[in-house]
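Shown next: start_38.txt, given as compact mmCIF, C-alpha atoms.
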```txt
# COMPACT_ATOMS: atom_id res chain seq x y z
CA MET A 1 42.11 22.74 10.09
CA PHE A 2 39.89 19.75 10.79
CA ASP A 3 37.73 19.69 13.87
CA TYR A 4 38.18 15.92 14.15
CA LEU A 5 40.63 13.36 12.88
CA ILE A 6 38.91 9.96 12.96
CA VAL A 7 41.18 6.92 12.80
CA GLY A 8 39.26 4.00 11.31
CA ALA A 9 36.42 3.92 8.77
CA GLY A 10 34.41 1.08 10.31
CA PHE A 11 31.13 1.42 12.19
CA ALA A 12 32.45 3.53 15.07
CA GLY A 13 34.41 5.97 12.93
CA SER A 14 31.80 6.28 10.18
CA VAL A 15 28.87 6.86 12.55
CA LEU A 16 30.77 9.58 14.40
CA ALA A 17 31.93 11.21 11.17
CA GLU A 18 28.36 11.32 9.88
CA ARG A 19 26.91 12.75 13.10
CA LEU A 20 29.63 15.36 13.56
CA ALA A 21 29.45 16.48 9.94
CA THR A 22 25.69 16.57 9.45
CA ARG A 23 24.45 17.52 12.90
CA SER A 24 27.31 19.63 14.26
CA ASN A 25 28.72 21.04 11.01
CA LYS A 26 32.22 19.84 11.94
CA LYS A 27 35.03 19.34 9.44
CA VAL A 28 36.10 15.71 9.68
CA LEU A 29 38.98 13.71 8.22
CA VAL A 30 38.51 9.94 8.27
CA ILE A 31 41.56 7.76 7.63
CA ASP A 32 42.03 4.01 7.40
CA LYS A 33 45.02 1.72 6.88
CA ARG A 34 43.03 -0.47 4.54
CA ASN A 35 42.12 0.34 0.96
CA HIS A 36 38.39 0.48 1.70
CA ILE A 37 35.81 1.86 4.11
CA GLY A 38 33.50 -0.29 6.24
CA GLY A 39 36.03 -2.00 8.48
CA ASN A 40 35.40 -5.72 8.91
CA ALA A 41 31.85 -5.30 7.58
CA TYR A 42 33.20 -4.42 4.12
CA ASP A 43 31.53 -6.32 1.29
CA HIS A 44 32.13 -6.30 -2.45
CA TYR A 45 31.30 -8.14 -5.66
CA ASN A 46 33.88 -10.78 -6.48
CA GLU A 47 35.15 -11.45 -10.00
CA ASP A 48 32.11 -13.64 -10.67
CA GLY A 49 29.71 -10.87 -9.65
CA ILE A 50 28.66 -12.37 -6.31
CA LEU A 51 28.37 -10.09 -3.28
CA ILE A 52 30.67 -11.43 -0.57
CA HIS A 53 31.80 -10.33 2.90
CA LYS A 54 35.58 -10.14 2.73
CA TYR A 55 36.06 -10.68 6.46
CA GLY A 56 33.45 -13.36 7.07
CA PRO A 57 29.68 -13.17 7.58
CA HIS A 58 28.20 -10.08 9.20
CA ILE A 59 24.60 -10.54 10.28
CA PHE A 60 22.86 -7.44 11.59
CA HIS A 61 20.61 -7.88 14.62
CA THR A 62 19.61 -5.56 17.43
CA ASN A 63 16.99 -4.88 20.07
CA SER A 64 17.55 -1.14 19.72
CA LYS A 65 15.00 0.64 17.55
CA ASP A 66 17.15 3.78 17.73
CA VAL A 67 20.16 1.97 16.24
CA PHE A 68 18.08 0.20 13.60
CA ASP A 69 16.30 3.42 12.58
CA TYR A 70 19.56 5.37 12.53
CA LEU A 71 21.23 2.94 10.10
CA GLY A 72 17.99 2.86 8.12
CA ASN A 73 18.78 6.44 7.06
CA PHE A 74 21.52 4.99 4.85
CA THR A 75 20.10 1.69 3.66
CA ASP A 76 16.92 -0.17 2.89
CA TRP A 77 16.71 -3.43 4.80
CA ARG A 78 16.24 -7.00 3.62
CA PRO A 79 14.46 -8.98 6.36
CA TYR A 80 16.65 -11.92 7.32
CA GLU A 81 16.62 -14.33 10.26
CA HIS A 82 19.88 -16.19 10.59
CA ARG A 83 20.00 -19.96 10.95
CA VAL A 84 23.00 -22.17 11.65
CA LEU A 85 23.46 -25.92 11.56
CA ALA A 86 26.29 -27.82 13.25
CA SER A 87 27.94 -30.92 11.84
CA VAL A 88 27.85 -33.36 14.77
CA ASP A 89 27.94 -37.18 14.73
CA GLY A 90 27.38 -37.26 10.96
CA GLN A 91 24.26 -35.09 11.16
CA PHE A 92 23.44 -31.45 10.53
CA VAL A 93 21.55 -30.26 13.60
CA PRO A 94 20.30 -26.83 14.74
CA MET A 95 22.66 -24.56 16.63
CA PRO A 96 22.01 -23.17 19.26
CA ILE A 97 20.95 -26.48 20.79
CA ASN A 98 17.15 -26.79 20.79
CA LEU A 99 14.44 -29.45 20.95
CA ASP A 100 15.09 -30.68 17.41
CA THR A 101 18.85 -30.86 18.06
CA ILE A 102 18.42 -33.29 20.95
CA ASN A 103 15.69 -35.37 19.30
CA SER A 104 17.77 -35.75 16.12
CA LEU A 105 21.01 -36.59 17.91
CA TYR A 106 19.55 -39.18 20.26
CA GLY A 107 16.61 -40.48 18.21
CA LEU A 108 14.12 -39.24 20.80
CA LYS A 109 10.66 -37.68 20.66
CA LEU A 110 10.84 -35.34 23.62
CA ASN A 111 8.55 -32.35 24.09
CA SER A 112 9.69 -29.06 25.64
CA PHE A 113 8.78 -30.11 29.18
CA GLU A 114 10.62 -33.41 28.79
CA LEU A 115 13.64 -31.63 27.33
CA ASP A 116 13.82 -29.45 30.43
CA GLN A 117 13.95 -32.62 32.50
CA PHE A 118 16.58 -34.09 30.15
CA PHE A 119 18.85 -31.06 30.60
CA GLU A 120 18.37 -31.22 34.37
CA SER A 121 19.35 -34.89 34.38
CA VAL A 122 22.62 -34.34 32.46
CA ALA A 123 23.65 -30.91 33.84
CA GLU A 124 26.60 -30.81 36.22
CA ASP A 125 26.42 -28.96 39.51
CA VAL A 126 28.80 -25.99 39.29
CA PRO A 127 28.52 -23.85 42.44
CA VAL A 128 30.31 -20.82 40.95
CA ILE A 129 30.22 -20.13 37.19
CA LYS A 130 33.61 -18.69 36.23
CA THR A 131 34.65 -20.18 32.88
CA SER A 132 33.13 -20.99 29.52
CA GLU A 133 33.24 -24.67 30.40
CA ASP A 134 31.28 -24.00 33.60
CA VAL A 135 28.55 -22.22 31.65
CA VAL A 136 27.93 -25.12 29.28
CA VAL A 137 28.28 -28.15 31.55
CA SER A 138 26.01 -26.52 34.13
CA LYS A 139 23.29 -26.20 31.47
CA VAL A 140 23.59 -29.23 29.17
CA GLY A 141 26.15 -31.56 30.72
CA ARG A 142 29.51 -32.96 29.69
CA GLU A 143 28.53 -34.99 26.61
CA LEU A 144 26.88 -32.11 24.73
CA TYR A 145 29.69 -29.84 25.87
CA ASN A 146 32.18 -32.20 24.19
CA LYS A 147 30.10 -32.55 21.02
CA PHE A 148 29.35 -28.87 20.40
CA PHE A 149 31.61 -26.57 22.41
CA LYS A 150 34.92 -27.98 23.58
CA ASN A 151 36.69 -28.47 20.26
CA TYR A 152 35.01 -25.52 18.54
CA THR A 153 36.17 -23.20 21.32
CA ASN A 154 39.65 -24.74 21.25
CA LYS A 155 39.91 -23.98 17.55
CA GLN A 156 38.40 -20.51 17.81
CA TRP A 157 40.47 -19.28 20.73
CA GLY A 158 43.48 -21.59 20.85
CA LEU A 159 42.51 -22.24 24.48
CA ASP A 160 40.44 -24.76 26.33
CA PRO A 161 37.02 -23.40 27.45
CA SER A 162 38.14 -23.93 31.05
CA GLN A 163 40.70 -21.16 30.45
CA LEU A 164 38.23 -18.63 29.04
CA ASP A 165 35.89 -16.20 30.71
CA LYS A 166 32.26 -17.28 31.01
CA SER A 167 31.20 -14.54 28.56
CA VAL A 168 32.38 -16.57 25.54
CA THR A 169 29.84 -19.39 25.70
CA SER A 170 27.21 -17.29 27.49
CA ARG A 171 26.59 -15.67 24.09
CA VAL A 172 25.08 -18.94 22.81
CA PRO A 173 21.73 -19.83 24.42
CA THR A 174 20.15 -23.24 24.96
CA ARG A 175 16.49 -23.61 24.01
CA THR A 176 13.77 -26.08 24.96
CA ASN A 177 11.53 -25.20 22.00
CA ARG A 178 11.96 -25.53 18.22
CA ASP A 179 13.12 -21.96 17.63
CA ASP A 180 16.08 -22.47 15.29
CA ARG A 181 16.96 -18.82 14.76
CA TYR A 182 20.51 -18.03 15.79
CA PHE A 183 19.41 -14.63 17.15
CA THR A 184 16.14 -13.63 18.77
CA ASP A 185 16.57 -9.84 18.55
CA THR A 186 13.58 -7.68 17.66
CA PHE A 187 15.25 -6.32 14.52
CA GLN A 188 17.05 -8.73 12.20
CA ALA A 189 17.95 -7.71 8.67
CA MET A 190 20.67 -7.25 6.08
CA PRO A 191 21.47 -4.00 4.22
CA LEU A 192 19.60 -4.47 0.95
CA HIS A 193 22.49 -3.37 -1.26
CA GLY A 194 25.29 -4.39 1.10
CA TYR A 195 27.25 -2.84 3.94
CA THR A 196 29.71 -0.93 1.76
CA ARG A 197 26.91 0.94 0.00
CA MET A 198 25.52 1.86 3.43
CA PHE A 199 28.92 3.20 4.54
CA GLU A 200 29.31 5.17 1.30
CA LYS A 201 26.04 6.98 1.98
CA MET A 202 27.03 7.57 5.60
CA LEU A 203 30.27 9.25 4.58
CA ASP A 204 28.86 11.18 1.60
CA HIS A 205 28.98 14.71 2.99
CA PRO A 206 31.01 17.79 1.98
CA ASN A 207 32.33 18.14 5.54
CA ILE A 208 33.85 14.63 5.44
CA LYS A 209 37.14 13.79 3.73
CA VAL A 210 38.33 10.17 3.54
CA MET A 211 41.92 9.00 3.13
CA LEU A 212 42.57 5.27 2.61
CA ASN A 213 45.84 3.33 2.69
CA THR A 214 46.89 5.78 5.40
CA ASP A 215 48.48 5.16 8.78
CA TYR A 216 47.67 7.92 11.25
CA HIS A 217 51.33 8.09 12.29
CA GLU A 218 52.14 9.32 8.77
CA ILE A 219 49.90 12.38 8.89
CA MET A 220 49.76 13.41 12.56
CA ASP A 221 52.46 16.05 12.16
CA PHE A 222 51.26 17.38 8.83
CA ILE A 223 47.48 17.71 9.02
CA PRO A 224 46.14 20.03 11.73
CA PHE A 225 43.12 18.93 13.77
CA LYS A 226 41.55 19.82 17.11
CA GLU A 227 40.49 16.44 18.46
CA MET A 228 40.98 12.78 17.57
CA ILE A 229 38.59 9.84 17.62
CA PHE A 230 40.60 6.63 17.69
CA THR A 231 39.03 3.27 16.79
CA GLY A 232 42.20 1.22 16.36
CA PRO A 233 43.95 -1.00 18.93
CA VAL A 234 44.38 0.96 22.16
CA ASP A 235 47.72 -0.72 22.93
CA GLU A 236 49.07 0.34 19.54
CA TYR A 237 48.14 3.97 20.24
CA PHE A 238 50.29 3.88 23.37
CA ASP A 239 53.19 2.11 21.60
CA PHE A 240 52.56 -1.16 23.50
CA GLN A 241 54.19 0.31 26.60
CA PHE A 242 52.56 -2.26 28.91
CA GLY A 243 52.83 -5.10 26.39
CA LYS A 244 50.61 -6.30 23.56
CA LEU A 245 46.94 -7.07 24.18
CA PRO A 246 46.18 -10.61 22.94
CA TYR A 247 43.77 -11.12 20.05
CA ARG A 248 42.63 -14.04 17.95
CA SER A 249 42.65 -13.62 14.21
CA LEU A 250 41.11 -15.43 11.26
CA GLU A 251 42.22 -16.61 7.85
CA PHE A 252 39.46 -16.58 5.22
CA LYS A 253 39.50 -18.91 2.23
CA HIS A 254 36.98 -17.80 -0.37
CA GLU A 255 35.72 -20.04 -3.16
CA THR A 256 33.26 -19.70 -6.02
CA LEU A 257 31.45 -22.89 -7.03
CA SER A 258 29.69 -23.63 -10.31
CA LYS A 259 26.37 -24.47 -8.71
CA GLU A 260 23.45 -22.41 -7.43
CA LYS A 261 23.53 -23.73 -3.84
CA HIS A 262 26.12 -25.55 -1.77
CA LEU A 263 25.26 -25.63 1.95
CA VAL A 264 22.23 -26.97 3.80
CA ALA A 265 22.08 -23.71 5.80
CA PRO A 266 23.51 -20.19 5.42
CA VAL A 267 26.26 -21.15 7.89
CA VAL A 268 27.41 -24.62 8.95
CA ASN A 269 29.58 -24.98 12.07
CA TYR A 270 32.21 -27.72 12.26
CA PRO A 271 32.99 -28.17 15.96
CA ASN A 272 35.12 -31.27 15.67
CA GLU A 273 36.64 -32.89 12.62
CA HIS A 274 38.03 -29.99 10.56
CA ALA A 275 40.64 -27.25 11.03
CA TYR A 276 38.07 -24.61 10.02
CA THR A 277 35.26 -23.60 12.36
CA ARG A 278 32.54 -22.82 9.86
CA ILE A 279 31.55 -22.34 6.22
CA THR A 280 29.27 -19.53 5.03
CA GLU A 281 27.31 -19.28 1.78
CA PHE A 282 26.83 -15.59 1.00
CA LYS A 283 23.82 -15.75 -1.32
CA ALA A 284 21.79 -17.15 1.57
CA LEU A 285 22.53 -13.95 3.51
CA THR A 286 22.15 -11.41 0.74
CA GLY A 287 19.31 -12.96 -1.24
CA GLN A 288 21.23 -12.46 -4.48
CA GLU A 289 20.26 -14.63 -7.44
CA HIS A 290 23.18 -16.01 -9.41
CA SER A 291 23.99 -19.21 -11.31
CA LYS A 292 27.11 -19.69 -9.16
CA THR A 293 27.61 -19.49 -5.42
CA ALA A 294 30.37 -18.12 -3.18
CA ILE A 295 31.46 -19.64 0.14
CA VAL A 296 34.12 -18.89 2.72
CA TYR A 297 35.98 -21.13 5.17
CA GLU A 298 37.17 -19.62 8.46
CA TYR A 299 40.43 -20.78 10.02
CA PRO A 300 41.19 -19.25 13.43
CA GLN A 301 44.82 -18.29 14.04
CA ALA A 302 47.00 -16.45 16.51
CA GLU A 303 48.59 -13.97 14.10
CA GLY A 304 46.98 -11.54 11.67
CA ASP A 305 44.42 -8.76 11.87
CA PRO A 306 43.00 -8.45 15.41
CA TYR A 307 39.40 -9.70 15.51
CA TYR A 308 38.58 -11.11 18.92
CA PRO A 309 39.92 -9.82 22.26
CA VAL A 310 40.89 -12.87 24.32
CA PRO A 311 38.65 -12.85 27.44
CA GLN A 312 40.94 -13.81 30.30
CA PRO A 313 41.39 -12.01 33.66
CA GLU A 314 45.04 -11.13 33.00
CA ASN A 315 44.11 -9.54 29.67
CA ALA A 316 41.37 -7.47 31.31
CA GLU A 317 43.95 -6.34 33.85
CA LEU A 318 46.35 -5.31 31.08
CA TYR A 319 43.60 -3.46 29.22
CA ASN A 320 42.71 -1.52 32.37
CA LYS A 321 46.24 -0.09 32.39
CA TYR A 322 45.72 1.18 28.85
CA LYS A 323 42.23 2.42 29.70
CA LYS A 324 43.69 4.56 32.50
CA LEU A 325 46.07 6.13 29.98
CA ALA A 326 43.23 6.61 27.51
CA ASP A 327 41.06 8.34 30.10
CA GLU A 328 43.93 10.70 30.91
CA THR A 329 44.71 11.59 27.28
CA PRO A 330 43.18 14.98 26.43
CA ASN A 331 41.26 15.50 23.18
CA VAL A 332 41.48 11.84 22.14
CA HIS A 333 38.36 9.68 22.32
CA PHE A 334 38.62 5.89 22.19
CA VAL A 335 35.65 4.00 20.75
CA GLY A 336 34.91 0.64 19.13
CA ARG A 337 35.98 -2.97 19.58
CA LEU A 338 39.72 -2.50 19.30
CA ALA A 339 39.94 0.76 21.20
CA THR A 340 37.96 -0.56 24.17
CA TYR A 341 39.10 -4.21 23.94
CA LYS A 342 35.53 -5.56 23.94
CA TYR A 343 33.87 -8.12 21.69
CA TYR A 344 30.95 -5.92 20.61
CA ASN A 345 28.32 -6.78 18.04
CA MET A 346 27.81 -4.26 15.25
CA ASP A 347 24.77 -2.67 16.89
CA GLN A 348 26.67 -2.24 20.15
CA VAL A 349 29.45 -0.37 18.34
CA VAL A 350 26.87 1.91 16.68
CA ALA A 351 25.24 2.57 20.05
CA GLN A 352 28.63 3.30 21.63
CA ALA A 353 29.45 5.76 18.83
CA LEU A 354 26.07 7.53 19.12
CA THR A 355 26.59 7.80 22.88
CA LEU A 356 30.02 9.35 22.38
CA TYR A 357 28.57 11.83 19.87
CA LYS A 358 25.98 12.89 22.43
CA ARG A 359 28.70 13.33 25.05
CA LEU A 360 30.81 15.43 22.66
CA THR A 361 27.92 17.74 21.83
CA GLU A 362 26.97 18.13 25.49
CA LYS A 363 30.58 18.97 26.30
CA GLU A 364 30.66 21.61 23.55
CA GLU A 365 27.39 23.16 24.69
CA ALA A 366 28.64 23.29 28.27
CA SER A 367 31.81 25.10 27.19
CA LYS A 368 29.95 27.87 25.35
CA PRO A 369 29.61 31.17 27.23
CA ALA A 370 26.09 31.80 28.51
CA ARG A 371 24.07 34.26 26.46
CA PRO A 372 23.48 37.56 28.27
CA ALA A 373 19.93 38.04 29.49
CA ILE A 374 17.90 40.81 27.81
CA SER A 375 17.29 43.57 30.31
CA GLY A 376 16.30 47.20 30.46
CA SER A 377 13.61 48.58 28.15
CA THR A 378 11.04 46.13 26.82
CA ALA A 379 11.29 47.80 23.41
CA LEU A 380 14.02 45.40 22.20
CA VAL A 381 11.99 42.39 23.33
CA ASP A 382 8.91 43.72 21.54
CA LYS A 383 10.98 44.26 18.40
CA LEU A 384 12.32 40.69 18.46
CA VAL A 385 8.83 39.27 19.00
CA SER A 386 7.43 41.34 16.13
CA ARG A 387 10.00 39.73 13.77
CA ALA A 388 9.09 36.19 14.77
CA PRO A 389 7.27 34.20 12.06
CA LYS A 390 3.52 33.98 12.58
CA ALA A 391 1.95 30.59 13.36
```

Transcribe the structure of this file into structure tokens.
Amino acid sequence: MFDYLIVGAGFAGSVLAERLATRSNKKVLVIDKRNHIGGNAYDHYNEDGILIHKYGPHIFHTNSKDVFDYLGNFTDWRPYEHRVLASVDGQFVPMPINLDTINSLYGLKLNSFELDQFFESVAEDVPVIKTSEDVVVSKVGRELYNKFFKNYTNKQWGLDPSQLDKSVTSRVPTRTNRDDRYFTDTFQAMPLHGYTRMFEKMLDHPNIKVMLNTDYHEIMDFIPFKEMIFTGPVDEYFDFQFGKLPYRSLEFKHETLSKEKHLVAPVVNYPNEHAYTRITEFKALTGQEHSKTAIVYEYPQAEGDPYYPVPQPENAELYNKYKKLADETPNVHFVGRLATYKYYNMDQVVAQALTLYKRLTEKEEASKPARPAISGSTALVDKLVSRAPKA
């Protein structure tokens, strides 16, 4: 009998398996449909010996010391600050848009104060910010919106930014200085030996059993367990009874090139002229030295593995129907991107999993019968005290 069946061996499932096994001495079975652990963060060495991310680049960044320190139990870190260039008007310019982006594009020599004034002069007045288009044009105006965001978002989501929730483009800041880092989080790093090695250490415990190439439907009736932690698509769990939650997927085209370096930056975005959205060069992320280099092209598509929940009001409404069912389902806990239909970063999934673990342990403690108070003669108390180790 397992205490927990955990469906999914990505961040959410692996963190909970590790905590339950090591801290609560629970017997845990982790299963995954895929033939590997690590979820979308899975990395491996390709046939040329280059460490690649199978499902596109995963850059770890967080403002949470607790999350960073927790994962640091299973990996050493390689300091890494991510930088992205965008191919716009025949130039490679920093993304997010900053002082150098504008000066390069328009042949100007603005300072930060002047750039503030420039943005104010081109920004459109949008009384109520509702959509992704509203977010951008209210900050940087229509022309920059068209150059950097409109077509990229169309490719990524298969929808015009005017049809998407404001949260999509709110993730990308606009800067008036020369800071060209993609993220500004306090902690930015890559697992020194890769994500998969980190997951292997996380799941390396005698209380944890892992089954791959396994659909949970296949084992539910044969393997006994007390509670389930589900990290897969919430609509799938409930047999799509309200309809399918929309996701965007990606097709990845990996290549190895017979040169040491290919791109001008670790990632180059292509907002306009190509079917793919970006190209990543993995050695720039991992720091690996190799005579060849590996890159990946990302092509957004409607069908395939679910990666990105589509942020539209009607989809949020549909998810809330499933959430109500999930909240009413006893002994099943839903956690992670797919199970909560949220576009979380990796650190947010880890934090969500650690929070659920805390809730589970508090629930267990609350259900334990209270210990009887020691009463009567003080002799028993004196005896217990006499056995206590001396300071």

Edge lengths and centre, in Å to one decimal, as JSON: that's what I need for the box along x, y and z that holds all listed atoms of stretch 268-281 of chain A plus 5 Å on each side.
```
{"center_x": 34.0, "center_y": -26.1, "center_z": 8.9, "size_x": 23.3, "size_y": 23.6, "size_z": 24.2}
```

### Task
Between A:Asn315, A:Gln156, A:Asn177, A:Ser162, single out the one closest to A:Asn111, counting only C-alpha atoms.
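The shortest atom-to-atom distance to A:Asn111 comes from A:Asn177.
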
### Task
Name the residues in contact with A:Tyr195 at a cut-off of 8 Å, using all atoms listed in the file, excluding same-chain residues fewer than 6 positions from it; report them as a PyMOL selection string.
chain A and resi 38+41-43

### Query
atom CA of A:Phe187 and atom CA of A:Lys65 are how many Å apart?
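Result for atom CA of A:Phe187 versus atom CA of A:Lys65: 7.6 Å, one decimal.
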
Residues of stretch 87-158 of chain A at most 10 Å from stretch 261-270 of chain A: nearest atom pair and distance in Å, all atoms listed in the file, as a tab-separated table:
```
residue	atom	partner	partner_atom	distance
A:Ser87	CA	A:Tyr270	CA	5.4
A:Val88	CA	A:Tyr270	CA	7.6
A:Phe92	CA	A:Val268	CA	8.1
A:Val93	CA	A:Val268	CA	9.4
A:Pro94	CA	A:Val268	CA	9.4
A:Met95	CA	A:Asn269	CA	8.3
A:Phe148	CA	A:Tyr270	CA	8.7
A:Asn151	CA	A:Tyr270	CA	9.2
A:Tyr152	CA	A:Tyr270	CA	7.2
```

### Pairwise distance for atom CA of A:Lys363 and atom CA of A:Val30, rounded to one decimal in Å
21.7 Å

#### Entry: Pick from A:Glu298, A:Lys147, A:Gly13, A:Pro311 nearest to A:Leu164, counting only C-alpha atoms
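Going through A:Glu298, A:Lys147, A:Gly13, A:Pro311 one by one, the smallest distance to A:Leu164 is for A:Pro311.
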
### Task
Quick one: everything within 10 Å of A:Asp76, counting all atoms listed in the file, minus sequence neighbours fewer than 2 positions away in the same chain. Send it as a list in words.
Leu71, Gly72, Asn73, Phe74, Arg78, Pro79, Ala189, Met190, Pro191, Leu192, His193, Gly194 and Met198 of chain A

### Message
For A:Asp32, find every residue with an atom within 7 Å (counting all atoms listed in the file), except residues of its own chain fewer than 4 positions away, and show them as a PyMOL selection string.
### Response
chain A and resi 7-9+211-215

Can you fill out stretch 182-190 of chain A with all heavy atoms and hand it back as a PDB file, in the frame of the given file?
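The result, stored in result.pdb:
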```pdb
ATOM      1  N   TYR A 182      19.281 -18.208  15.011  1.00  0.00           N
ATOM      2  CA  TYR A 182      20.510 -18.030  15.790  1.00  0.00           C
ATOM      3  C   TYR A 182      20.357 -16.856  16.759  1.00  0.00           C
ATOM      4  O   TYR A 182      20.867 -16.878  17.869  1.00  0.00           O
ATOM      5  CB  TYR A 182      21.697 -17.809  14.865  1.00  0.00           C
ATOM      6  CG  TYR A 182      23.017 -18.076  15.539  1.00  0.00           C
ATOM      7  CD1 TYR A 182      23.466 -19.377  15.742  1.00  0.00           C
ATOM      8  CD2 TYR A 182      23.817 -17.039  16.010  1.00  0.00           C
ATOM      9  CE1 TYR A 182      24.669 -19.640  16.380  1.00  0.00           C
ATOM     10  CE2 TYR A 182      25.023 -17.290  16.644  1.00  0.00           C
ATOM     11  CZ  TYR A 182      25.447 -18.588  16.822  1.00  0.00           C
ATOM     12  OH  TYR A 182      26.621 -18.848  17.464  1.00  0.00           O
ATOM     13  N   PHE A 183      19.648 -15.810  16.312  1.00  0.00           N
ATOM     14  CA  PHE A 183      19.410 -14.630  17.150  1.00  0.00           C
ATOM     15  C   PHE A 183      17.913 -14.474  17.380  1.00  0.00           C
ATOM     16  O   PHE A 183      17.107 -14.867  16.528  1.00  0.00           O
ATOM     17  CB  PHE A 183      19.954 -13.365  16.476  1.00  0.00           C
ATOM     18  CG  PHE A 183      21.385 -13.457  16.039  1.00  0.00           C
ATOM     19  CD1 PHE A 183      21.714 -13.492  14.697  1.00  0.00           C
ATOM     20  CD2 PHE A 183      22.409 -13.512  16.974  1.00  0.00           C
ATOM     21  CE1 PHE A 183      23.046 -13.593  14.286  1.00  0.00           C
ATOM     22  CE2 PHE A 183      23.735 -13.605  16.577  1.00  0.00           C
ATOM     23  CZ  PHE A 183      24.053 -13.649  15.221  1.00  0.00           C
ATOM     24  N   THR A 184      17.550 -13.879  18.487  1.00  0.00           N
ATOM     25  CA  THR A 184      16.140 -13.630  18.770  1.00  0.00           C
ATOM     26  C   THR A 184      15.845 -12.138  18.909  1.00  0.00           C
ATOM     27  O   THR A 184      14.802 -11.750  19.419  1.00  0.00           O
ATOM     28  CB  THR A 184      15.717 -14.354  20.068  1.00  0.00           C
ATOM     29  OG1 THR A 184      16.561 -13.930  21.144  1.00  0.00           O
ATOM     30  CG2 THR A 184      15.810 -15.865  19.907  1.00  0.00           C
ATOM     31  N   ASP A 185      16.751 -11.288  18.432  1.00  0.00           N
ATOM     32  CA  ASP A 185      16.570  -9.840  18.550  1.00  0.00           C
ATOM     33  C   ASP A 185      15.309  -9.378  17.816  1.00  0.00           C
ATOM     34  O   ASP A 185      14.860  -9.991  16.842  1.00  0.00           O
ATOM     35  CB  ASP A 185      17.773  -9.105  17.974  1.00  0.00           C
ATOM     36  CG  ASP A 185      19.056  -9.449  18.685  1.00  0.00           C
ATOM     37  OD1 ASP A 185      19.484 -10.619  18.598  1.00  0.00           O
ATOM     38  OD2 ASP A 185      19.642  -8.568  19.311  1.00  0.00           O
ATOM     39  N   THR A 186      14.782  -8.249  18.258  1.00  0.00           N
ATOM     40  CA  THR A 186      13.580  -7.680  17.660  1.00  0.00           C
ATOM     41  C   THR A 186      13.793  -7.320  16.195  1.00  0.00           C
ATOM     42  O   THR A 186      12.920  -7.551  15.351  1.00  0.00           O
ATOM     43  CB  THR A 186      13.148  -6.420  18.436  1.00  0.00           C
ATOM     44  OG1 THR A 186      13.017  -6.745  19.815  1.00  0.00           O
ATOM     45  CG2 THR A 186      11.837  -5.872  17.911  1.00  0.00           C
ATOM     46  N   PHE A 187      14.948  -6.757  15.890  1.00  0.00           N
ATOM     47  CA  PHE A 187      15.250  -6.320  14.520  1.00  0.00           C
ATOM     48  C   PHE A 187      16.366  -7.185  13.961  1.00  0.00           C
ATOM     49  O   PHE A 187      17.475  -7.220  14.498  1.00  0.00           O
ATOM     50  CB  PHE A 187      15.665  -4.846  14.502  1.00  0.00           C
ATOM     51  CG  PHE A 187      14.647  -3.934  15.122  1.00  0.00           C
ATOM     52  CD1 PHE A 187      14.776  -3.508  16.441  1.00  0.00           C
ATOM     53  CD2 PHE A 187      13.534  -3.511  14.410  1.00  0.00           C
ATOM     54  CE1 PHE A 187      13.842  -2.683  17.029  1.00  0.00           C
ATOM     55  CE2 PHE A 187      12.582  -2.685  14.981  1.00  0.00           C
ATOM     56  CZ  PHE A 187      12.737  -2.265  16.293  1.00  0.00           C
ATOM     57  N   GLN A 188      16.067  -7.888  12.866  1.00  0.00           N
ATOM     58  CA  GLN A 188      17.050  -8.730  12.200  1.00  0.00           C
ATOM     59  C   GLN A 188      16.935  -8.493  10.700  1.00  0.00           C
ATOM     60  O   GLN A 188      15.864  -8.694  10.127  1.00  0.00           O
ATOM     61  CB  GLN A 188      16.815 -10.213  12.509  1.00  0.00           C
ATOM     62  CG  GLN A 188      16.828 -10.545  13.993  1.00  0.00           C
ATOM     63  CD  GLN A 188      16.662 -12.036  14.256  1.00  0.00           C
ATOM     64  OE1 GLN A 188      17.316 -12.856  13.627  1.00  0.00           O
ATOM     65  NE2 GLN A 188      15.799 -12.386  15.195  1.00  0.00           N
ATOM     66  N   ALA A 189      18.019  -8.061  10.090  1.00  0.00           N
ATOM     67  CA  ALA A 189      17.950  -7.710   8.670  1.00  0.00           C
ATOM     68  C   ALA A 189      19.359  -7.579   8.100  1.00  0.00           C
ATOM     69  O   ALA A 189      20.343  -7.536   8.843  1.00  0.00           O
ATOM     70  CB  ALA A 189      17.192  -6.391   8.489  1.00  0.00           C
ATOM     71  N   MET A 190      19.418  -7.512   6.783  1.00  0.00           N
ATOM     72  CA  MET A 190      20.670  -7.250   6.080  1.00  0.00           C
ATOM     73  C   MET A 190      20.509  -5.995   5.233  1.00  0.00           C
ATOM     74  O   MET A 190      19.425  -5.769   4.673  1.00  0.00           O
ATOM     75  CB  MET A 190      21.027  -8.438   5.168  1.00  0.00           C
ATOM     76  CG  MET A 190      21.245  -9.748   5.900  1.00  0.00           C
ATOM     77  SD  MET A 190      22.744  -9.753   6.885  1.00  0.00           S
ATOM     78  CE  MET A 190      23.981  -9.848   5.594  1.00  0.00           C
TER      79      MET A 190
END
```
